[in-house]
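Below is one structure, written out as structure tokens; the observations come after it.
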Amino acid sequence: MIKKFIPNFYYNSIYDIPVEEWKEKGIRLILTDLDNTLISYKENMPTSKLFEFKDKIINSGIELIIVSNSRKERVENFSKELGVPFVKFSTKPFKRGINKAIYKVAHGCYSKNQVVLLGDQIITDILGGNRCQINTCFIKAIDKTTDKLPTKINRFFEKKAILLVKKKYEEEYNLKLKKYFEETYDNKKM
């Protein structure tokens, strides 16, 4: 179970993702969380930089779908403005919403190794993607000060999960989570 908290990739921002490299490795579908992955909770609409990122993905032949746990119209409005399909109230880390995006919303038929889920939370995004046996990419949260209460609770458990990973899978921790953990949490409490 602890291994399911380990992402395949980690980047400080979505803009650091090597899209062409991913395409060469066979990635054909990117599922992405919305809040604090694409935009902070303070923002409501895509930025020009985000439109450029979307265009880069689409122009490379990779499909993009937003998969959010939020039930709010904000997800639908944002997705329509950006021009990408979405699944709201996805209930990550449960498989329902992720599988809906892969098998019902996506325009192509993809094998699990062709799909990657981006997200800023270990407990919802990474665990959910790993439970679905797809690639996962942990993105450093844009602005944690804007987190809502459920996300703040998840962050508490995230810290515990990362500590378990460090204890049991130190090599993978060092490769994929150490930089994030040391930048985010007070190491004196470890």
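Following the order of the structure tokens, chains are lettered A, B, ..., residues in each are numbered from 1, and ligands are numbered from 1.
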
If we count only C-alpha atoms, what is near stretch 4-16 of chain A at a cut-off of 7 Å, once residues fewer than 2 positions away on the same chain are taken out, given as a list in words? Met1, Ile2, Pro18, Phe53, Ile122, Ile126, Leu127, Asn130, Arg131, Asn135, Thr136, Cys137, Phe138, Ile139, Lys140, Ala161 and Lys176 of chain A

Return as a Markdown table the residues of stretch 44-102 of chain A lying at most 9 Å from stretch 26-38 of chain A, together with the closest atom-to-atom pair for each and the distance in Å to one decimal, counting only C-alpha atoms, with rows in chain order and ascending residue number.
```
| residue | atom | partner | partner_atom | distance |
| --- | --- | --- | --- | --- |
| A:Pro46 | CA | A:Leu38 | CA | 8.2 |
| A:Leu50 | CA | A:Leu38 | CA | 7.5 |
| A:Ile57 | CA | A:Ile30 | CA | 8.6 |
| A:Gly61 | CA | A:Arg28 | CA | 7.0 |
| A:Ile62 | CA | A:Arg28 | CA | 4.5 |
| A:Glu63 | CA | A:Leu29 | CA | 4.7 |
| A:Leu64 | CA | A:Ile30 | CA | 4.9 |
| A:Ile65 | CA | A:Leu31 | CA | 4.9 |
| A:Ile66 | CA | A:Thr32 | CA | 4.8 |
| A:Val67 | CA | A:Asp33 | CA | 5.2 |
| A:Ser68 | CA | A:Asp33 | CA | 5.2 |
| A:Asn69 | CA | A:Asp33 | CA | 8.1 |
| A:Ser70 | CA | A:Asp35 | CA | 8.7 |
| A:Val75 | CA | A:Leu34 | CA | 7.5 |
| A:Phe78 | CA | A:Leu34 | CA | 8.9 |
| A:Phe86 | CA | A:Leu31 | CA | 9.0 |
| A:Ile98 | CA | A:Leu31 | CA | 8.0 |
| A:Ala101 | CA | A:Leu31 | CA | 7.6 |
| A:Ile102 | CA | A:Leu29 | CA | 8.1 |
```

Restricting it to C-alpha atoms, dump the selection as a JSON list (two decimals), in the first residue's frame.
```json
[["chain", "number", "residue", "atom", "x", "y", "z"],
["A", 46, "PRO", "CA", -6.92, 29.94, -17.48],
["A", 50, "LEU", "CA", -1.80, 27.84, -19.47],
["A", 57, "ILE", "CA", 0.20, 19.22, -25.36],
["A", 61, "GLY", "CA", -0.76, 14.67, -30.23],
["A", 62, "ILE", "CA", -1.46, 14.12, -26.53],
["A", 63, "GLU", "CA", -5.03, 14.39, -25.27],
["A", 64, "LEU", "CA", -5.73, 16.47, -22.13],
["A", 65, "ILE", "CA", -8.62, 16.02, -19.66],
["A", 66, "ILE", "CA", -9.21, 17.78, -16.32],
["A", 67, "VAL", "CA", -10.14, 15.39, -13.50],
["A", 68, "SER", "CA", -11.18, 17.27, -10.37],
["A", 69, "ASN", "CA", -12.70, 16.27, -7.05],
["A", 70, "SER", "CA", -14.60, 19.55, -6.95],
["A", 75, "VAL", "CA", -14.46, 23.12, -12.97],
["A", 78, "PHE", "CA", -12.68, 26.64, -16.43],
["A", 86, "PHE", "CA", -13.43, 17.36, -17.80],
["A", 98, "ILE", "CA", -10.22, 8.49, -13.29],
["A", 101, "ALA", "CA", -11.96, 10.05, -17.93],
["A", 102, "ILE", "CA", -9.94, 7.24, -19.53]]
```

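If you look at atom CA of A:Lys178 and atom CA of A:Lys49, they are 28.0 Å away from each other.
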
Restricting the calculation to only C-alpha atoms, which member of A:Lys54, A:Arg74, A:Arg96, A:Lys42 is positioned closest to A:Lys148?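 Checking each candidate against A:Lys148, we get A:Lys42 as the closest.
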
Run DSSP on the backbone and grab whatever in chain A lands in helix (DSSP H, G or I); send it over as a PyMOL selection string. chain A and resi 2-5+14-16+19-24+48-59+73-82+96-105+112-114+122-131+144-146+149-168+170-176+178-184+187-189

Taking only stretch 21-173 of chain A into account, list the residues labelled strand (DSSP E) by DSSP (computed from the backbone), as a VMD selection string. chain A and resid 29 to 32 63 to 67 86 to 87 115 to 119 135 to 139

Written file, previous selection with all heavy atoms, as a short mmCIF file (atom, residue, chain, number, x, y, z; two decimals), in the first residue's frame:
```
data_model
loop_
_atom_site.label_atom_id
_atom_site.label_comp_id
_atom_site.auth_asym_id
_atom_site.auth_seq_id
_atom_site.Cartn_x
_atom_site.Cartn_y
_atom_site.Cartn_z
N LEU A 29 -2.28 10.37 -23.24
CA LEU A 29 -3.38 11.00 -22.51
C LEU A 29 -2.86 11.55 -21.19
O LEU A 29 -2.26 10.81 -20.40
CB LEU A 29 -4.50 10.00 -22.25
CG LEU A 29 -5.66 10.45 -21.36
CD1 LEU A 29 -6.41 11.65 -21.97
CD2 LEU A 29 -6.62 9.29 -21.11
N ILE A 30 -3.07 12.84 -20.96
CA ILE A 30 -2.74 13.47 -19.68
C ILE A 30 -4.05 13.82 -18.99
O ILE A 30 -4.86 14.57 -19.53
CB ILE A 30 -1.87 14.73 -19.86
CG1 ILE A 30 -0.50 14.35 -20.43
CG2 ILE A 30 -1.72 15.47 -18.52
CD1 ILE A 30 0.40 15.56 -20.72
N LEU A 31 -4.23 13.26 -17.79
CA LEU A 31 -5.33 13.64 -16.92
C LEU A 31 -4.72 14.59 -15.89
O LEU A 31 -3.65 14.31 -15.36
CB LEU A 31 -5.90 12.42 -16.20
CG LEU A 31 -6.30 11.23 -17.07
CD1 LEU A 31 -6.78 10.08 -16.20
CD2 LEU A 31 -7.37 11.63 -18.07
N THR A 32 -5.37 15.70 -15.63
CA THR A 32 -4.79 16.65 -14.68
C THR A 32 -5.81 17.14 -13.67
O THR A 32 -6.97 17.39 -14.01
CB THR A 32 -4.15 17.85 -15.41
OG1 THR A 32 -3.57 18.73 -14.43
CG2 THR A 32 -5.15 18.62 -16.25
N GLU A 63 -3.72 13.90 -25.70
CA GLU A 63 -5.03 14.39 -25.27
C GLU A 63 -4.94 14.87 -23.81
O GLU A 63 -4.18 14.32 -23.01
CB GLU A 63 -6.05 13.26 -25.40
CG GLU A 63 -7.47 13.70 -25.21
CD GLU A 63 -8.49 12.61 -25.53
OE1 GLU A 63 -8.10 11.53 -26.04
OE2 GLU A 63 -9.66 12.84 -25.26
N LEU A 64 -5.74 15.88 -23.47
CA LEU A 64 -5.73 16.47 -22.13
C LEU A 64 -7.15 16.50 -21.57
O LEU A 64 -8.08 16.97 -22.24
CB LEU A 64 -5.16 17.89 -22.19
CG LEU A 64 -5.09 18.68 -20.89
CD1 LEU A 64 -4.09 18.05 -19.92
CD2 LEU A 64 -4.70 20.13 -21.17
N ILE A 65 -7.32 16.01 -20.34
CA ILE A 65 -8.62 16.02 -19.66
C ILE A 65 -8.40 16.47 -18.21
O ILE A 65 -7.49 15.98 -17.54
CB ILE A 65 -9.28 14.62 -19.66
CG1 ILE A 65 -9.53 14.15 -21.09
CG2 ILE A 65 -10.59 14.64 -18.86
CD1 ILE A 65 -10.03 12.71 -21.19
N ILE A 66 -9.25 17.36 -17.73
CA ILE A 66 -9.21 17.78 -16.32
C ILE A 66 -10.05 16.81 -15.51
O ILE A 66 -11.19 16.50 -15.87
CB ILE A 66 -9.73 19.22 -16.16
CG1 ILE A 66 -8.77 20.19 -16.86
CG2 ILE A 66 -9.91 19.58 -14.68
CD1 ILE A 66 -9.24 21.62 -16.91
N VAL A 67 -9.47 16.32 -14.40
CA VAL A 67 -10.14 15.39 -13.50
C VAL A 67 -10.05 15.99 -12.10
O VAL A 67 -9.00 15.96 -11.47
CB VAL A 67 -9.49 13.98 -13.54
CG1 VAL A 67 -10.21 13.03 -12.61
CG2 VAL A 67 -9.48 13.44 -14.97
N PHE A 86 -13.64 17.43 -19.24
CA PHE A 86 -13.43 17.36 -17.80
C PHE A 86 -14.29 16.29 -17.16
O PHE A 86 -15.30 15.86 -17.72
CB PHE A 86 -13.73 18.72 -17.15
CG PHE A 86 -15.19 19.09 -17.24
CD1 PHE A 86 -16.07 18.80 -16.21
CD2 PHE A 86 -15.69 19.72 -18.37
CE1 PHE A 86 -17.42 19.13 -16.31
CE2 PHE A 86 -17.02 20.06 -18.48
CZ PHE A 86 -17.89 19.75 -17.45
N VAL A 87 -13.88 15.89 -15.97
CA VAL A 87 -14.68 15.06 -15.07
C VAL A 87 -14.65 15.79 -13.74
O VAL A 87 -13.57 16.00 -13.19
CB VAL A 87 -14.10 13.63 -14.92
CG1 VAL A 87 -14.86 12.85 -13.85
CG2 VAL A 87 -14.11 12.90 -16.24
N VAL A 115 -1.14 6.61 -20.25
CA VAL A 115 -1.87 7.62 -19.48
C VAL A 115 -1.04 8.08 -18.29
O VAL A 115 -0.38 7.27 -17.64
CB VAL A 115 -3.22 7.05 -18.98
CG1 VAL A 115 -4.01 8.10 -18.22
CG2 VAL A 115 -4.04 6.48 -20.13
N VAL A 116 -1.09 9.38 -18.02
CA VAL A 116 -0.45 9.93 -16.82
C VAL A 116 -1.42 10.89 -16.14
O VAL A 116 -2.16 11.62 -16.80
CB VAL A 116 0.89 10.63 -17.15
CG1 VAL A 116 0.70 11.85 -18.02
CG2 VAL A 116 1.65 11.00 -15.88
N LEU A 117 -1.45 10.83 -14.82
CA LEU A 117 -2.29 11.72 -14.01
C LEU A 117 -1.39 12.71 -13.29
O LEU A 117 -0.48 12.31 -12.56
CB LEU A 117 -3.11 10.92 -12.99
CG LEU A 117 -3.93 11.74 -11.99
CD1 LEU A 117 -5.02 12.53 -12.67
CD2 LEU A 117 -4.53 10.83 -10.93
N LEU A 118 -1.65 14.01 -13.49
CA LEU A 118 -0.91 15.08 -12.82
C LEU A 118 -1.72 15.54 -11.60
O LEU A 118 -2.93 15.72 -11.71
CB LEU A 118 -0.75 16.31 -13.72
CG LEU A 118 -0.30 16.15 -15.15
CD1 LEU A 118 -0.26 17.52 -15.82
CD2 LEU A 118 1.04 15.50 -15.22
N GLY A 119 -1.03 15.81 -10.50
CA GLY A 119 -1.74 16.34 -9.34
C GLY A 119 -0.80 16.81 -8.26
O GLY A 119 0.35 16.39 -8.19
N ASN A 135 0.44 5.93 -15.00
CA ASN A 135 1.57 6.76 -14.58
C ASN A 135 1.05 7.93 -13.75
O ASN A 135 -0.04 8.44 -13.99
CB ASN A 135 2.30 7.31 -15.80
CG ASN A 135 2.94 6.23 -16.62
OD1 ASN A 135 3.85 5.56 -16.16
ND2 ASN A 135 2.46 6.05 -17.84
N THR A 136 1.85 8.37 -12.79
CA THR A 136 1.47 9.51 -11.97
C THR A 136 2.60 10.54 -11.94
O THR A 136 3.77 10.18 -11.97
CB THR A 136 1.13 9.07 -10.52
OG1 THR A 136 2.23 8.33 -9.99
CG2 THR A 136 -0.14 8.24 -10.48
N CYS A 137 2.20 11.79 -11.88
CA CYS A 137 3.16 12.89 -11.85
C CYS A 137 2.76 13.86 -10.75
O CYS A 137 1.70 14.48 -10.82
CB CYS A 137 3.19 13.59 -13.20
SG CYS A 137 4.35 14.98 -13.25
N PHE A 138 3.60 13.96 -9.74
CA PHE A 138 3.37 14.86 -8.62
C PHE A 138 3.86 16.24 -8.99
O PHE A 138 5.00 16.41 -9.40
CB PHE A 138 4.11 14.30 -7.40
CG PHE A 138 3.80 14.99 -6.11
CD1 PHE A 138 2.51 15.26 -5.73
CD2 PHE A 138 4.83 15.34 -5.25
CE1 PHE A 138 2.24 15.87 -4.52
CE2 PHE A 138 4.58 15.95 -4.04
CZ PHE A 138 3.27 16.21 -3.67
N ILE A 139 2.98 17.22 -8.87
CA ILE A 139 3.29 18.62 -9.17
C ILE A 139 3.26 19.40 -7.86
O ILE A 139 2.30 19.29 -7.09
CB ILE A 139 2.26 19.22 -10.15
CG1 ILE A 139 2.19 18.41 -11.45
CG2 ILE A 139 2.53 20.69 -10.42
CD1 ILE A 139 3.42 18.47 -12.32
#
```

Would you kindly return, as a list in words, each protein, DNA or RNA residue with an atom no farther than 9 Å from any atom of A:Leu177, considering only C-alpha atoms and excluding same-chain residues fewer than 2 positions away? Ile6, Pro7, Tyr10, Phe138, Ile162, Val165, Lys166, Glu172, Tyr173, Asn174, Leu175, Lys179, Tyr180, Phe181 and Glu182 of chain A

Let me see the file: selected residues, all heavy atoms, as a CSV table (one decimal), in the first residue's frame.
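Contents of out38.csv, freshly written:
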```csv
chain,number,residue,atom,x,y,z
A,6,ILE,N,3.9,6.7,-4.1
A,6,ILE,CA,5.1,7.1,-4.9
A,6,ILE,C,4.8,7.4,-6.3
A,6,ILE,O,4.3,6.6,-7.0
A,6,ILE,CB,6.2,6.0,-4.8
A,6,ILE,CG1,6.6,5.7,-3.4
A,6,ILE,CG2,7.4,6.5,-5.6
A,6,ILE,CD1,7.5,4.5,-3.2
A,7,PRO,N,5.0,8.7,-6.8
A,7,PRO,CA,4.7,9.0,-8.2
A,7,PRO,C,5.8,8.5,-9.1
A,7,PRO,O,6.9,8.2,-8.7
A,7,PRO,CB,4.7,10.6,-8.1
A,7,PRO,CG,5.7,10.9,-7.1
A,7,PRO,CD,5.5,9.8,-6.0
A,10,TYR,N,8.1,13.7,-10.8
A,10,TYR,CA,7.9,14.9,-9.9
A,10,TYR,C,8.4,16.1,-10.6
A,10,TYR,O,9.5,16.1,-11.1
A,10,TYR,CB,8.6,14.8,-8.5
A,10,TYR,CG,8.6,16.1,-7.8
A,10,TYR,CD1,7.5,16.6,-7.2
A,10,TYR,CD2,9.8,16.9,-7.7
A,10,TYR,CE1,7.5,17.9,-6.6
A,10,TYR,CE2,9.8,18.1,-7.1
A,10,TYR,CZ,8.6,18.6,-6.5
A,10,TYR,OH,8.6,19.8,-5.9
A,138,PHE,N,3.6,14.0,-9.7
A,138,PHE,CA,3.4,14.9,-8.6
A,138,PHE,C,3.9,16.2,-9.0
A,138,PHE,O,5.0,16.4,-9.4
A,138,PHE,CB,4.1,14.3,-7.4
A,138,PHE,CG,3.8,15.0,-6.1
A,138,PHE,CD1,2.5,15.3,-5.7
A,138,PHE,CD2,4.8,15.3,-5.3
A,138,PHE,CE1,2.2,15.9,-4.5
A,138,PHE,CE2,4.6,15.9,-4.0
A,138,PHE,CZ,3.3,16.2,-3.7
A,162,ILE,N,4.3,10.4,3.2
A,162,ILE,CA,5.7,10.7,2.7
A,162,ILE,C,6.7,10.1,3.7
A,162,ILE,O,7.7,9.6,3.3
A,162,ILE,CB,5.9,12.1,2.3
A,162,ILE,CG1,5.0,12.5,1.1
A,162,ILE,CG2,7.4,12.4,2.0
A,162,ILE,CD1,5.1,14.0,0.8
A,165,VAL,N,6.9,6.5,3.2
A,165,VAL,CA,7.7,6.1,2.0
A,165,VAL,C,9.1,6.3,2.3
A,165,VAL,O,9.9,5.4,1.9
A,165,VAL,CB,7.2,7.1,0.8
A,165,VAL,CG1,8.2,7.0,-0.4
A,165,VAL,CG2,5.8,6.8,0.3
A,166,LYS,N,9.5,7.3,2.9
A,166,LYS,CA,10.9,7.6,3.3
A,166,LYS,C,11.5,6.4,4.1
A,166,LYS,O,12.6,5.9,3.8
A,166,LYS,CB,11.1,8.9,4.0
A,166,LYS,CG,12.6,9.1,4.4
A,166,LYS,CD,12.7,10.4,5.2
A,166,LYS,CE,14.2,10.6,5.5
A,166,LYS,NZ,14.4,11.7,6.4
A,172,GLU,N,13.6,5.4,-3.6
A,172,GLU,CA,12.6,6.1,-4.4
A,172,GLU,C,12.2,7.4,-3.8
A,172,GLU,O,11.9,8.4,-4.5
A,172,GLU,CB,11.3,5.2,-4.5
A,172,GLU,CG,11.6,4.0,-5.5
A,172,GLU,CD,10.4,3.2,-5.8
A,172,GLU,OE1,9.6,3.7,-6.6
A,172,GLU,OE2,10.3,2.1,-5.3
A,173,TYR,N,12.2,7.5,-2.4
A,173,TYR,CA,11.9,8.7,-1.8
A,173,TYR,C,13.0,9.8,-2.2
A,173,TYR,O,12.6,10.9,-2.6
A,173,TYR,CB,12.0,8.5,-0.2
A,173,TYR,CG,12.1,9.8,0.5
A,173,TYR,CD1,10.9,10.6,0.8
A,173,TYR,CD2,13.3,10.3,0.9
A,173,TYR,CE1,11.0,11.8,1.5
A,173,TYR,CE2,13.4,11.5,1.6
A,173,TYR,CZ,12.2,12.3,1.9
A,173,TYR,OH,12.3,13.5,2.6
A,174,ASN,N,14.2,9.4,-2.2
A,174,ASN,CA,15.3,10.3,-2.5
A,174,ASN,C,15.2,10.8,-4.0
A,174,ASN,O,15.5,11.9,-4.3
A,174,ASN,CB,16.7,9.7,-2.3
A,174,ASN,CG,17.0,9.5,-0.8
A,174,ASN,OD1,16.5,10.3,0.0
A,174,ASN,ND2,17.8,8.6,-0.5
A,175,LEU,N,14.8,9.9,-4.9
A,175,LEU,CA,14.7,10.2,-6.3
A,175,LEU,C,13.4,11.1,-6.6
A,175,LEU,O,13.5,11.9,-7.5
A,175,LEU,CB,14.6,8.9,-7.1
A,175,LEU,CG,15.9,8.2,-7.3
A,175,LEU,CD1,15.6,6.8,-8.0
A,175,LEU,CD2,16.9,8.9,-8.1
A,179,LYS,N,13.1,16.2,-2.6
A,179,LYS,CA,13.2,17.6,-2.9
A,179,LYS,C,11.9,18.3,-2.5
A,179,LYS,O,12.0,19.4,-1.8
A,179,LYS,CB,13.5,17.8,-4.4
A,179,LYS,CG,13.6,19.3,-4.8
A,179,LYS,CD,13.9,19.4,-6.3
A,179,LYS,CE,13.9,20.9,-6.6
A,179,LYS,NZ,14.0,21.1,-8.1
A,180,TYR,N,10.8,17.8,-2.8
A,180,TYR,CA,9.5,18.4,-2.5
A,180,TYR,C,9.3,18.4,-1.0
A,180,TYR,O,9.0,19.4,-0.4
A,180,TYR,CB,8.4,17.6,-3.1
A,180,TYR,CG,7.0,17.9,-2.5
A,180,TYR,CD1,6.4,19.1,-2.9
A,180,TYR,CD2,6.4,17.1,-1.5
A,180,TYR,CE1,5.1,19.4,-2.3
A,180,TYR,CE2,5.2,17.4,-1.0
A,180,TYR,CZ,4.6,18.6,-1.4
A,180,TYR,OH,3.4,18.9,-0.8
A,181,PHE,N,9.6,17.3,-0.3
A,181,PHE,CA,9.4,17.2,1.1
A,181,PHE,C,10.2,18.2,1.9
A,181,PHE,O,9.8,18.8,2.8
A,181,PHE,CB,9.7,15.7,1.6
A,181,PHE,CG,9.2,15.5,3.0
A,181,PHE,CD1,7.9,15.2,3.2
A,181,PHE,CD2,10.1,15.4,4.0
A,181,PHE,CE1,7.4,15.0,4.5
A,181,PHE,CE2,9.7,15.2,5.3
A,181,PHE,CZ,8.3,14.9,5.6
A,182,GLU,N,11.5,18.3,1.5
A,182,GLU,CA,12.4,19.2,2.2
A,182,GLU,C,12.1,20.6,2.0
A,182,GLU,O,12.2,21.5,2.9
A,182,GLU,CB,13.9,18.9,1.8
A,182,GLU,CG,14.3,17.6,2.4
A,182,GLU,CD,15.8,17.2,2.0
A,182,GLU,OE1,16.4,17.9,1.1
A,182,GLU,OE2,16.3,16.2,2.6
```

Could you check how far atom CA of A:Lys112 sits from atom CA of A:Ile39, in Å to one decimal? 26.3 Å

Using only C-alpha atoms, which of A:Ile153, A:Ala141, A:Cys109, A:Val84 sits nearest A:Ile123?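 Nearest candidate to A:Ile123 out of A:Ile153, A:Ala141, A:Cys109, A:Val84: A:Ile153.
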
Could you check how far atom CA of A:Asn113 sits from atom CA of A:Lys25, in Å to one decimal?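 Interatomic distance, atom CA of A:Asn113 to atom CA of A:Lys25: 9.4 Å.
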